[in-house]
file work_25.cif (mmCIF, N, CA and C atoms)
data_work
loop_
_atom_site.label_atom_id
_atom_site.label_comp_id
_atom_site.auth_asym_id
_atom_site.auth_seq_id
_atom_site.Cartn_x
_atom_site.Cartn_y
_atom_site.Cartn_z
N MET A 28 -8.88 64.09 69.79
CA MET A 28 -9.98 63.15 69.87
C MET A 28 -10.38 62.79 68.43
N PRO A 29 -10.47 61.50 68.13
CA PRO A 29 -10.87 61.12 66.77
C PRO A 29 -12.29 61.60 66.45
N VAL A 30 -12.51 61.97 65.22
CA VAL A 30 -13.83 62.42 64.77
C VAL A 30 -14.83 61.28 64.94
N GLY A 31 -15.99 61.61 65.47
CA GLY A 31 -17.04 60.62 65.64
C GLY A 31 -17.02 59.89 66.98
N TYR A 32 -16.08 60.22 67.84
CA TYR A 32 -15.98 59.59 69.15
C TYR A 32 -16.13 60.65 70.23
N SER A 33 -16.61 60.21 71.37
CA SER A 33 -16.60 61.08 72.54
C SER A 33 -15.87 60.33 73.63
N GLY A 34 -15.30 61.07 74.53
CA GLY A 34 -14.52 60.43 75.58
C GLY A 34 -14.45 61.26 76.82
N GLN A 35 -13.94 60.65 77.85
CA GLN A 35 -13.76 61.29 79.14
C GLN A 35 -12.42 62.01 79.16
N SER A 36 -12.44 63.28 79.49
CA SER A 36 -11.20 64.04 79.62
C SER A 36 -10.48 63.58 80.88
N LEU A 37 -9.19 63.26 80.72
CA LEU A 37 -8.36 62.86 81.84
C LEU A 37 -7.27 63.92 82.04
N ARG A 38 -6.52 63.77 83.12
CA ARG A 38 -5.39 64.66 83.36
C ARG A 38 -4.40 64.49 82.21
N GLY A 39 -3.95 65.58 81.67
CA GLY A 39 -2.99 65.52 80.57
C GLY A 39 -1.57 65.53 81.09
N ALA A 40 -0.65 65.68 80.16
CA ALA A 40 0.77 65.73 80.50
C ALA A 40 1.33 67.08 80.09
N THR A 41 2.28 67.60 80.87
CA THR A 41 2.97 68.83 80.52
C THR A 41 4.37 68.47 80.08
N LEU A 42 4.68 68.79 78.83
CA LEU A 42 6.00 68.53 78.26
C LEU A 42 6.87 69.75 78.49
N ILE A 43 8.05 69.51 79.06
CA ILE A 43 8.99 70.61 79.31
C ILE A 43 10.29 70.33 78.58
N PRO A 44 10.97 71.38 78.11
CA PRO A 44 12.25 71.19 77.44
C PRO A 44 13.36 70.97 78.46
N VAL A 45 14.09 69.85 78.32
CA VAL A 45 15.14 69.51 79.27
C VAL A 45 16.41 69.05 78.55
N ALA A 46 17.49 69.07 79.30
CA ALA A 46 18.78 68.58 78.82
C ALA A 46 19.63 68.26 80.04
N ALA A 47 20.80 67.69 79.78
CA ALA A 47 21.76 67.44 80.86
C ALA A 47 22.30 68.78 81.35
N PRO A 48 22.66 68.89 82.62
CA PRO A 48 23.15 70.16 83.14
C PRO A 48 24.43 70.65 82.45
N ASN A 49 25.20 69.74 81.84
CA ASN A 49 26.42 70.15 81.15
C ASN A 49 26.19 70.43 79.65
N HIS A 50 24.95 70.35 79.20
CA HIS A 50 24.63 70.66 77.80
C HIS A 50 24.87 72.15 77.56
N LEU A 51 25.29 72.50 76.35
CA LEU A 51 25.57 73.91 76.01
C LEU A 51 24.41 74.85 76.32
N LEU A 52 23.17 74.37 76.19
CA LEU A 52 22.01 75.23 76.43
C LEU A 52 21.72 75.45 77.91
N CYS A 53 22.35 74.67 78.78
CA CYS A 53 22.08 74.78 80.21
C CYS A 53 23.27 75.25 81.02
N PHE A 54 24.45 74.93 80.57
CA PHE A 54 25.65 75.22 81.33
C PHE A 54 25.92 76.72 81.38
N SER A 55 25.82 77.31 82.58
CA SER A 55 26.08 78.75 82.79
C SER A 55 25.25 79.64 81.87
N ARG A 56 23.98 79.32 81.72
CA ARG A 56 23.10 80.10 80.84
C ARG A 56 21.93 80.64 81.62
N SER A 57 21.43 81.80 81.18
CA SER A 57 20.25 82.34 81.83
C SER A 57 19.05 82.38 80.89
N GLU A 58 19.28 82.60 79.60
CA GLU A 58 18.17 82.65 78.65
C GLU A 58 18.58 82.05 77.31
N VAL A 59 17.71 81.19 76.77
CA VAL A 59 17.94 80.55 75.48
C VAL A 59 16.75 80.90 74.60
N SER A 60 17.01 81.32 73.36
CA SER A 60 15.92 81.66 72.44
C SER A 60 15.40 80.39 71.75
N GLU A 61 14.20 80.48 71.22
CA GLU A 61 13.63 79.35 70.48
C GLU A 61 14.48 79.03 69.26
N THR A 62 15.01 80.05 68.61
CA THR A 62 15.87 79.84 67.44
C THR A 62 17.11 79.05 67.82
N GLU A 63 17.71 79.40 68.96
CA GLU A 63 18.90 78.69 69.41
C GLU A 63 18.55 77.25 69.79
N LEU A 64 17.40 77.06 70.43
CA LEU A 64 16.96 75.72 70.81
C LEU A 64 16.81 74.84 69.56
N ARG A 65 16.24 75.39 68.50
CA ARG A 65 16.04 74.64 67.26
C ARG A 65 17.36 74.23 66.60
N SER A 66 18.42 74.91 66.92
CA SER A 66 19.70 74.61 66.27
C SER A 66 20.42 73.42 66.92
N HIS A 67 19.87 72.90 68.01
CA HIS A 67 20.50 71.77 68.71
C HIS A 67 19.74 70.48 68.40
N ARG A 68 20.44 69.36 68.51
CA ARG A 68 19.84 68.05 68.24
C ARG A 68 18.71 67.79 69.24
N GLN A 69 17.58 67.37 68.69
CA GLN A 69 16.41 67.10 69.52
C GLN A 69 16.06 65.62 69.46
N LEU A 70 15.71 65.06 70.62
CA LEU A 70 15.22 63.69 70.69
C LEU A 70 13.70 63.71 70.60
N VAL A 71 13.16 62.79 69.82
CA VAL A 71 11.71 62.66 69.68
C VAL A 71 11.35 61.21 69.93
N LEU A 72 10.34 60.99 70.73
CA LEU A 72 9.86 59.64 71.00
C LEU A 72 8.92 59.22 69.88
N ARG A 73 9.20 58.07 69.25
CA ARG A 73 8.41 57.60 68.11
C ARG A 73 6.96 57.40 68.52
N ASP A 74 6.05 57.84 67.67
CA ASP A 74 4.62 57.66 67.90
C ASP A 74 4.25 56.25 67.45
N SER A 75 3.71 55.46 68.37
CA SER A 75 3.36 54.09 68.03
C SER A 75 1.93 53.96 67.52
N GLY A 76 1.21 55.08 67.46
CA GLY A 76 -0.17 55.03 66.99
C GLY A 76 -0.25 54.83 65.49
N SER A 77 -1.43 54.43 65.03
CA SER A 77 -1.60 54.17 63.60
C SER A 77 -1.79 55.47 62.81
N ARG A 78 -2.26 56.50 63.45
CA ARG A 78 -2.44 57.80 62.78
C ARG A 78 -1.44 58.77 63.37
N ARG A 79 -0.44 59.12 62.60
CA ARG A 79 0.65 59.96 63.11
C ARG A 79 0.58 61.35 62.50
N ASN A 80 -0.49 62.06 62.75
CA ASN A 80 -0.64 63.38 62.15
C ASN A 80 -0.37 64.52 63.12
N VAL A 81 0.07 64.23 64.34
CA VAL A 81 0.37 65.27 65.32
C VAL A 81 1.80 65.07 65.79
N ASP A 82 2.57 66.15 65.78
CA ASP A 82 3.96 66.10 66.25
C ASP A 82 4.09 66.91 67.52
N ALA A 83 3.40 66.49 68.59
CA ALA A 83 3.46 67.21 69.85
C ALA A 83 4.87 67.18 70.41
N GLY A 84 5.39 68.34 70.71
CA GLY A 84 6.70 68.40 71.33
C GLY A 84 7.87 68.46 70.37
N TRP A 85 7.61 68.34 69.06
CA TRP A 85 8.71 68.39 68.11
C TRP A 85 8.90 69.83 67.63
N LEU A 86 10.14 70.30 67.66
CA LEU A 86 10.48 71.67 67.28
C LEU A 86 10.72 71.84 65.79
N GLN A 87 10.68 70.77 65.04
CA GLN A 87 11.07 70.77 63.64
C GLN A 87 12.54 71.17 63.52
N ALA A 88 13.33 70.68 64.44
CA ALA A 88 14.76 70.95 64.43
C ALA A 88 15.41 70.23 63.26
N GLU A 89 16.46 70.85 62.71
CA GLU A 89 17.17 70.23 61.60
C GLU A 89 17.85 68.94 62.03
N LYS A 90 18.37 68.91 63.25
CA LYS A 90 19.04 67.73 63.78
C LYS A 90 18.09 67.04 64.74
N ARG A 91 17.71 65.81 64.39
CA ARG A 91 16.73 65.12 65.22
C ARG A 91 17.06 63.63 65.26
N TRP A 92 16.94 63.05 66.44
CA TRP A 92 17.03 61.60 66.61
C TRP A 92 15.67 61.14 67.11
N THR A 93 15.12 60.11 66.46
CA THR A 93 13.87 59.53 66.89
C THR A 93 14.16 58.19 67.54
N VAL A 94 13.67 58.01 68.76
CA VAL A 94 13.89 56.77 69.50
C VAL A 94 12.55 56.10 69.78
N SER A 95 12.61 54.80 70.01
CA SER A 95 11.37 54.03 70.21
C SER A 95 10.99 53.86 71.67
N HIS A 96 11.94 54.04 72.57
CA HIS A 96 11.67 53.78 73.99
C HIS A 96 12.05 55.00 74.83
N PHE A 97 11.21 55.28 75.83
CA PHE A 97 11.46 56.40 76.70
C PHE A 97 12.79 56.25 77.43
N ALA A 98 13.11 55.03 77.86
CA ALA A 98 14.36 54.81 78.59
C ALA A 98 15.57 55.19 77.73
N THR A 99 15.48 54.94 76.43
CA THR A 99 16.57 55.31 75.52
C THR A 99 16.72 56.83 75.47
N SER A 100 15.61 57.53 75.42
CA SER A 100 15.68 58.99 75.36
C SER A 100 16.30 59.56 76.64
N ILE A 101 15.97 58.98 77.78
CA ILE A 101 16.53 59.46 79.05
C ILE A 101 18.04 59.24 79.08
N LYS A 102 18.50 58.07 78.63
CA LYS A 102 19.95 57.80 78.59
C LYS A 102 20.66 58.79 77.69
N LEU A 103 20.09 59.06 76.52
CA LEU A 103 20.72 60.00 75.59
C LEU A 103 20.70 61.43 76.15
N LEU A 104 19.60 61.80 76.79
CA LEU A 104 19.53 63.13 77.40
C LEU A 104 20.59 63.29 78.48
N LYS A 105 20.71 62.29 79.36
CA LYS A 105 21.68 62.35 80.45
C LYS A 105 23.11 62.44 79.93
N SER A 106 23.35 61.89 78.74
CA SER A 106 24.70 61.92 78.16
C SER A 106 25.07 63.30 77.63
N GLY A 107 24.07 64.18 77.50
CA GLY A 107 24.33 65.53 77.01
C GLY A 107 24.35 65.65 75.50
N LEU A 108 23.90 64.60 74.79
CA LEU A 108 23.96 64.61 73.33
C LEU A 108 22.78 65.30 72.66
N ALA A 109 21.72 65.60 73.42
CA ALA A 109 20.53 66.16 72.79
C ALA A 109 19.64 66.83 73.83
N VAL A 110 18.58 67.45 73.33
CA VAL A 110 17.54 68.05 74.17
C VAL A 110 16.22 67.38 73.82
N ALA A 111 15.22 67.52 74.68
CA ALA A 111 13.91 66.94 74.38
C ALA A 111 12.83 67.61 75.19
N PHE A 112 11.61 67.50 74.68
CA PHE A 112 10.42 67.86 75.44
C PHE A 112 9.91 66.57 76.06
N VAL A 113 9.86 66.54 77.39
CA VAL A 113 9.54 65.31 78.12
C VAL A 113 8.43 65.61 79.12
N PRO A 114 7.50 64.65 79.31
CA PRO A 114 6.49 64.86 80.35
C PRO A 114 7.16 65.05 81.71
N LYS A 115 6.87 66.17 82.33
CA LYS A 115 7.50 66.53 83.61
C LYS A 115 7.28 65.43 84.66
N GLU A 116 6.10 64.85 84.68
CA GLU A 116 5.77 63.83 85.67
C GLU A 116 6.63 62.58 85.51
N TRP A 117 7.16 62.33 84.31
CA TRP A 117 7.95 61.13 84.04
C TRP A 117 9.40 61.27 84.49
N ILE A 118 9.86 62.50 84.72
CA ILE A 118 11.27 62.71 85.05
C ILE A 118 11.45 63.42 86.39
N GLU A 119 10.51 63.26 87.29
CA GLU A 119 10.60 63.94 88.58
C GLU A 119 11.89 63.60 89.32
N ASP A 120 12.29 62.32 89.32
CA ASP A 120 13.52 61.91 90.01
C ASP A 120 14.75 62.55 89.37
N GLU A 121 14.80 62.57 88.05
CA GLU A 121 15.94 63.15 87.33
C GLU A 121 16.03 64.66 87.58
N LEU A 122 14.88 65.32 87.71
CA LEU A 122 14.89 66.75 88.00
C LEU A 122 15.35 67.01 89.44
N LYS A 123 14.91 66.17 90.38
CA LYS A 123 15.32 66.33 91.79
C LYS A 123 16.82 66.13 91.96
N THR A 124 17.36 65.14 91.27
CA THR A 124 18.79 64.84 91.39
C THR A 124 19.65 65.67 90.43
N ARG A 125 19.00 66.47 89.61
CA ARG A 125 19.65 67.35 88.62
C ARG A 125 20.46 66.57 87.58
N CYS A 126 20.03 65.33 87.30
CA CYS A 126 20.59 64.58 86.16
C CYS A 126 20.09 65.23 84.87
N LEU A 127 18.89 65.78 84.95
CA LEU A 127 18.30 66.56 83.85
C LEU A 127 17.82 67.87 84.45
N VAL A 128 17.89 68.94 83.65
CA VAL A 128 17.44 70.25 84.10
C VAL A 128 16.59 70.91 83.01
N PRO A 129 15.64 71.74 83.42
CA PRO A 129 14.88 72.48 82.42
C PRO A 129 15.81 73.44 81.66
N ILE A 130 15.60 73.56 80.38
CA ILE A 130 16.39 74.50 79.58
C ILE A 130 15.87 75.91 79.90
N PRO A 131 16.76 76.85 80.24
CA PRO A 131 16.32 78.20 80.64
C PRO A 131 15.93 79.04 79.42
N LEU A 132 14.71 78.86 78.96
CA LEU A 132 14.24 79.56 77.77
C LEU A 132 13.81 80.98 78.09
N SER A 133 13.99 81.87 77.13
CA SER A 133 13.58 83.27 77.31
C SER A 133 12.06 83.38 77.33
N VAL A 134 11.37 82.47 76.65
CA VAL A 134 9.91 82.42 76.62
C VAL A 134 9.50 80.97 76.90
N SER A 135 8.54 80.77 77.77
CA SER A 135 8.12 79.41 78.11
C SER A 135 7.60 78.69 76.87
N MET A 136 8.07 77.45 76.71
CA MET A 136 7.59 76.61 75.61
C MET A 136 6.98 75.31 76.15
N ASP A 137 6.63 75.29 77.44
CA ASP A 137 5.97 74.12 78.00
C ASP A 137 4.71 73.84 77.18
N ARG A 138 4.42 72.56 76.99
CA ARG A 138 3.26 72.18 76.17
C ARG A 138 2.38 71.23 76.96
N HIS A 139 1.09 71.52 76.97
CA HIS A 139 0.15 70.64 77.64
C HIS A 139 -0.50 69.74 76.59
N VAL A 140 -0.42 68.43 76.82
CA VAL A 140 -1.01 67.46 75.91
C VAL A 140 -2.21 66.83 76.61
N PRO A 141 -3.41 67.03 76.07
CA PRO A 141 -4.59 66.46 76.73
C PRO A 141 -4.63 64.94 76.55
N LEU A 142 -5.28 64.28 77.50
CA LEU A 142 -5.43 62.84 77.46
C LEU A 142 -6.91 62.52 77.62
N TYR A 143 -7.42 61.64 76.77
CA TYR A 143 -8.82 61.24 76.81
C TYR A 143 -8.93 59.73 76.91
N LEU A 144 -9.96 59.27 77.58
CA LEU A 144 -10.27 57.85 77.62
C LEU A 144 -11.44 57.62 76.68
N LEU A 145 -11.23 56.76 75.69
CA LEU A 145 -12.27 56.45 74.71
C LEU A 145 -12.63 54.98 74.79
N LEU A 146 -13.90 54.69 74.80
CA LEU A 146 -14.37 53.32 74.65
C LEU A 146 -15.10 53.29 73.31
N ALA A 147 -14.51 52.60 72.33
CA ALA A 147 -15.05 52.61 70.97
C ALA A 147 -16.47 52.07 70.93
N ALA A 148 -16.76 51.04 71.69
CA ALA A 148 -18.10 50.45 71.72
C ALA A 148 -18.43 50.11 73.17
N LYS A 149 -18.83 51.12 73.93
CA LYS A 149 -19.06 50.93 75.36
C LYS A 149 -20.08 49.81 75.63
N HIS A 150 -21.08 49.73 74.77
CA HIS A 150 -22.11 48.70 74.96
C HIS A 150 -21.55 47.28 74.79
N ALA A 151 -20.44 47.15 74.08
CA ALA A 151 -19.84 45.84 73.85
C ALA A 151 -18.65 45.56 74.79
N ALA A 152 -18.30 46.54 75.61
CA ALA A 152 -17.15 46.37 76.51
C ALA A 152 -17.51 45.41 77.63
N GLY A 153 -16.56 44.56 77.98
CA GLY A 153 -16.76 43.60 79.06
C GLY A 153 -16.47 44.22 80.41
N PRO A 154 -16.68 43.46 81.47
CA PRO A 154 -16.49 43.98 82.82
C PRO A 154 -15.05 44.40 83.11
N ALA A 155 -14.08 43.71 82.54
CA ALA A 155 -12.67 44.07 82.77
C ALA A 155 -12.37 45.43 82.14
N SER A 156 -12.83 45.64 80.91
CA SER A 156 -12.60 46.93 80.24
C SER A 156 -13.29 48.06 80.97
N LEU A 157 -14.53 47.83 81.38
CA LEU A 157 -15.26 48.87 82.10
C LEU A 157 -14.62 49.14 83.46
N GLY A 158 -14.14 48.09 84.13
CA GLY A 158 -13.47 48.26 85.43
C GLY A 158 -12.18 49.05 85.28
N LEU A 159 -11.41 48.73 84.24
CA LEU A 159 -10.17 49.47 83.98
C LEU A 159 -10.48 50.94 83.67
N ALA A 160 -11.52 51.18 82.89
CA ALA A 160 -11.91 52.55 82.57
C ALA A 160 -12.27 53.31 83.85
N ASP A 161 -13.01 52.68 84.75
CA ASP A 161 -13.37 53.33 86.02
C ASP A 161 -12.14 53.66 86.85
N ILE A 162 -11.17 52.75 86.89
CA ILE A 162 -9.93 52.99 87.65
C ILE A 162 -9.16 54.15 87.04
N MET A 163 -9.07 54.18 85.71
CA MET A 163 -8.34 55.27 85.05
C MET A 163 -9.01 56.61 85.31
N ILE A 164 -10.33 56.63 85.26
CA ILE A 164 -11.06 57.89 85.53
C ILE A 164 -10.84 58.32 86.97
N ALA A 165 -10.87 57.38 87.91
CA ALA A 165 -10.67 57.71 89.31
C ALA A 165 -9.26 58.24 89.56
N LYS A 166 -8.26 57.66 88.93
CA LYS A 166 -6.87 58.06 89.14
C LYS A 166 -6.45 59.29 88.33
N LEU A 167 -6.97 59.39 87.12
CA LEU A 167 -6.50 60.45 86.20
C LEU A 167 -7.55 61.47 85.82
N GLY A 168 -8.78 61.33 86.33
CA GLY A 168 -9.86 62.25 85.98
C GLY A 168 -9.57 63.66 86.44
N ASN A 169 -10.17 64.60 85.74
CA ASN A 169 -9.99 66.03 86.09
C ASN A 169 -10.76 66.38 87.33
#
call {"tool": "encode", "arguments": {"input": "work_25.cif", "output": "structure tokens"}}
result
Amino acid sequence: MPVGYSGQSLRGATLIPVAAPNHLLCFSRSEVSETELRSHRQLVLRDSGSRRNVDAGWLQAEKRWTVSHFATSIKLLKSGLAVAFVPKEWIEDELKTRCLVPIPLSVSMDRHVPLYLLLAAKHAAGPASLGLADIMIAKLGN
């Protein structure tokens, strides 16, 4: 949350480490260490925000590809070329069909990213902005 602002807490996202089922970290494996995970190429989704001071989901891996679109990251993940921390809710179909699988880590590294709704100047917001805020709170509120 930016300093000086208050906002409504919404449902956050849970990032889980995933890869293609034929990736070295998933194929016939039962436990993968964090050190071993860091040694593999990681996909990171580019932050489009103006303040990029948080690297949620990045392992600081030596080998990293940064992509601009989520669809690109899914294609690369499915190809078996990399691993990534991805919001579980965004890949439900891929998990069901086993196009992507959770990496079997020895210690859970799932990450919860909180989501907030901020109205910078609520008193100046028009009816469309306020209506959208109400819909978002109704759909994503805690």
call {"tool": "select_by_dssp", "arguments": {"input": "work_25.cif", "residues": "region 50-156 of chain A", "states": "alpha helix (DSSP H)", "output": "NGL selection string"}}
result
:A and (61-65 or 97-106 or 119-123 or 154-156)
call {"tool": "closest_residue", "arguments": {"input": "work_25.cif", "among": "A:Gly153, A:Gly34, A:Gly39, A:Pro48", "to": "Lys105 (chain A)", "atoms": "only C-alpha atoms"}}
result
A:Pro48
call {"tool": "closest_residue", "arguments": {"input": "work_25.cif", "among": "A:Arg68, A:Arg56, A:Ala160, A:Lys90", "to": "Leu144 (chain A)", "atoms": "all atoms listed in the file"}}
result
A:Ala160
call {"tool": "residues_around", "arguments": {"input": "work_25.cif", "residues": "Glu89 (chain A)", "least_positions_apart": "4", "cutoff": "12 Å", "atoms": "only C-alpha atoms", "output": "list in words"}}
result
Thr62, Glu63, Leu64, Arg65, Ser66, His67, Arg68, Gln69, Leu70 and Trp85 of chain A
call {"tool": "residues_near_point", "arguments": {"input": "work_25.cif", "point": "(20.5, 68.1, 76.3)", "cutoff": "6 Å", "atoms": "only C-alpha atoms", "output": "list in words"}}
result
Ala46, Ala47, His50, Leu104, Gly107, Leu108, Ala109 and Val110 of chain A
call {"tool": "write_last_selection", "arguments": {"input": "work_25.cif", "atoms": "N, CA and C atoms", "output": "PDB file, keeping the file's coordinate frame"}}
result
ATOM      1  N   ALA A  46      17.490  69.070  79.300  1.00  0.00           N
ATOM      2  CA  ALA A  46      18.780  68.580  78.820  1.00  0.00           C
ATOM      3  C   ALA A  46      19.630  68.260  80.040  1.00  0.00           C
ATOM      4  N   ALA A  47      20.800  67.690  79.780  1.00  0.00           N
ATOM      5  CA  ALA A  47      21.760  67.440  80.860  1.00  0.00           C
ATOM      6  C   ALA A  47      22.300  68.780  81.350  1.00  0.00           C
ATOM      7  N   HIS A  50      24.950  70.350  79.200  1.00  0.00           N
ATOM      8  CA  HIS A  50      24.630  70.660  77.800  1.00  0.00           C
ATOM      9  C   HIS A  50      24.870  72.150  77.560  1.00  0.00           C
ATOM     10  N   LEU A 104      19.600  61.800  76.790  1.00  0.00           N
ATOM     11  CA  LEU A 104      19.530  63.130  77.400  1.00  0.00           C
ATOM     12  C   LEU A 104      20.590  63.290  78.480  1.00  0.00           C
ATOM     13  N   GLY A 107      24.070  64.180  77.500  1.00  0.00           N
ATOM     14  CA  GLY A 107      24.330  65.530  77.010  1.00  0.00           C
ATOM     15  C   GLY A 107      24.350  65.650  75.500  1.00  0.00           C
ATOM     16  N   LEU A 108      23.900  64.600  74.790  1.00  0.00           N
ATOM     17  CA  LEU A 108      23.960  64.610  73.330  1.00  0.00           C
ATOM     18  C   LEU A 108      22.780  65.300  72.660  1.00  0.00           C
ATOM     19  N   ALA A 109      21.720  65.600  73.420  1.00  0.00           N
ATOM     20  CA  ALA A 109      20.530  66.160  72.790  1.00  0.00           C
ATOM     21  C   ALA A 109      19.640  66.830  73.830  1.00  0.00           C
ATOM     22  N   VAL A 110      18.580  67.450  73.330  1.00  0.00           N
ATOM     23  CA  VAL A 110      17.540  68.050  74.170  1.00  0.00           C
ATOM     24  C   VAL A 110      16.220  67.380  73.820  1.00  0.00           C
TER      25      VAL A 110
END
call {"tool": "resolve_selection", "arguments": {"input": "work_25.cif", "expression": "the PyMOL selection byres ((chain A and resi 145) around 6)", "output": "MDAnalysis selection string"}}
result
chainID A and resid 33:35 143:144 146:147
call {"tool": "select_by_dssp", "arguments": {"input": "work_25.cif", "residues": "region 60-160 of chain A", "states": "strand (DSSP E)", "output": "JSON, numbers by chain"}}
result
{"A": [69, 70, 71, 72, 91, 92, 93, 94, 111, 112, 113, 114, 128, 129, 138, 139, 140, 141, 142, 143, 144]}
call {"tool": "atom_distance", "arguments": {"input": "work_25.cif", "atom1": "atom C of Met163 (chain A)", "atom2": "atom C of Glu121 (chain A)"}}
result
26.4 Å
call {"tool": "closest_residue", "arguments": {"input": "work_25.cif", "among": "A:Met28, A:Gly158, A:Phe54, A:Leu42", "to": "Pro131 (chain A)", "atoms": "only N, CA and C atoms"}}
result
A:Phe54
call {"tool": "atom_distance", "arguments": {"input": "work_25.cif", "atom1": "CA of Pro141 (chain A)", "atom2": "CA of Asn169 (chain A)"}}
result
10.8 Å
call {"tool": "atom_distance", "arguments": {"input": "work_25.cif", "atom1": "atom N of Ile43 (chain A)", "atom2": "atom N of Phe112 (chain A)"}}
result
6.0 Å
call {"tool": "closest_residue", "arguments": {"input": "work_25.cif", "among": "A:Ala148, A:Val128, A:Leu37, A:Ile101", "to": "Ile162 (chain A)", "atoms": "only C-alpha atoms"}}
result
A:Leu37
call {"tool": "axis_aligned_box", "arguments": {"input": "work_25.cif", "around": "region 158-165 of chain A", "padding_each_side": "4 Å", "output": "lines of an AutoDock Vina configuration file"}}
result
center_x = -11.2
center_y = 53.2
center_z = 86.1
size_x = 13.8
size_y = 18.2
size_z = 15.0
call {"tool": "resolve_selection", "arguments": {"input": "work_25.cif", "expression": "the PyMOL selection byres ((chain A and resi 71) around 6)", "output": "list in words"}}
result
Gln69, Leu70, Leu72, Arg73, Trp92, Thr93 and Val94 of chain A
call {"tool": "residues_near_point", "arguments": {"input": "work_25.cif", "point": "(12.9, 80.6, 74.8)", "cutoff": "6.5 Å", "atoms": "all atoms listed in the file", "output": "PyMOL selection string"}}
result
chain A and resi 58-61+131-136
call {"tool": "write_last_selection", "arguments": {"input": "work_25.cif", "atoms": "N, CA and C atoms", "output": "PDB file, keeping the file's coordinate frame"}}
result
ATOM      1  N   GLU A  58      19.280  82.600  79.600  1.00  0.00           N
ATOM      2  CA  GLU A  58      18.170  82.650  78.650  1.00  0.00           C
ATOM      3  C   GLU A  58      18.580  82.050  77.310  1.00  0.00           C
ATOM      4  N   VAL A  59      17.710  81.190  76.770  1.00  0.00           N
ATOM      5  CA  VAL A  59      17.940  80.550  75.480  1.00  0.00           C
ATOM      6  C   VAL A  59      16.750  80.900  74.600  1.00  0.00           C
ATOM      7  N   SER A  60      17.010  81.320  73.360  1.00  0.00           N
ATOM      8  CA  SER A  60      15.920  81.660  72.440  1.00  0.00           C
ATOM      9  C   SER A  60      15.400  80.390  71.750  1.00  0.00           C
ATOM     10  N   GLU A  61      14.200  80.480  71.220  1.00  0.00           N
ATOM     11  CA  GLU A  61      13.630  79.350  70.480  1.00  0.00           C
ATOM     12  C   GLU A  61      14.480  79.030  69.260  1.00  0.00           C
ATOM     13  N   PRO A 131      16.760  76.850  80.240  1.00  0.00           N
ATOM     14  CA  PRO A 131      16.320  78.200  80.640  1.00  0.00           C
ATOM     15  C   PRO A 131      15.930  79.040  79.420  1.00  0.00           C
ATOM     16  N   LEU A 132      14.710  78.860  78.960  1.00  0.00           N
ATOM     17  CA  LEU A 132      14.240  79.560  77.770  1.00  0.00           C
ATOM     18  C   LEU A 132      13.810  80.980  78.090  1.00  0.00           C
ATOM     19  N   SER A 133      13.990  81.870  77.130  1.00  0.00           N
ATOM     20  CA  SER A 133      13.580  83.270  77.310  1.00  0.00           C
ATOM     21  C   SER A 133      12.060  83.380  77.330  1.00  0.00           C
ATOM     22  N   VAL A 134      11.370  82.470  76.650  1.00  0.00           N
ATOM     23  CA  VAL A 134       9.910  82.420  76.620  1.00  0.00           C
ATOM     24  C   VAL A 134       9.500  80.970  76.900  1.00  0.00           C
ATOM     25  N   SER A 135       8.540  80.770  77.770  1.00  0.00           N
ATOM     26  CA  SER A 135       8.120  79.410  78.110  1.00  0.00           C
ATOM     27  C   SER A 135       7.600  78.690  76.870  1.00  0.00           C
ATOM     28  N   MET A 136       8.070  77.450  76.710  1.00  0.00           N
ATOM     29  CA  MET A 136       7.590  76.610  75.610  1.00  0.00           C
ATOM     30  C   MET A 136       6.980  75.310  76.150  1.00  0.00           C
TER      31      MET A 136
END
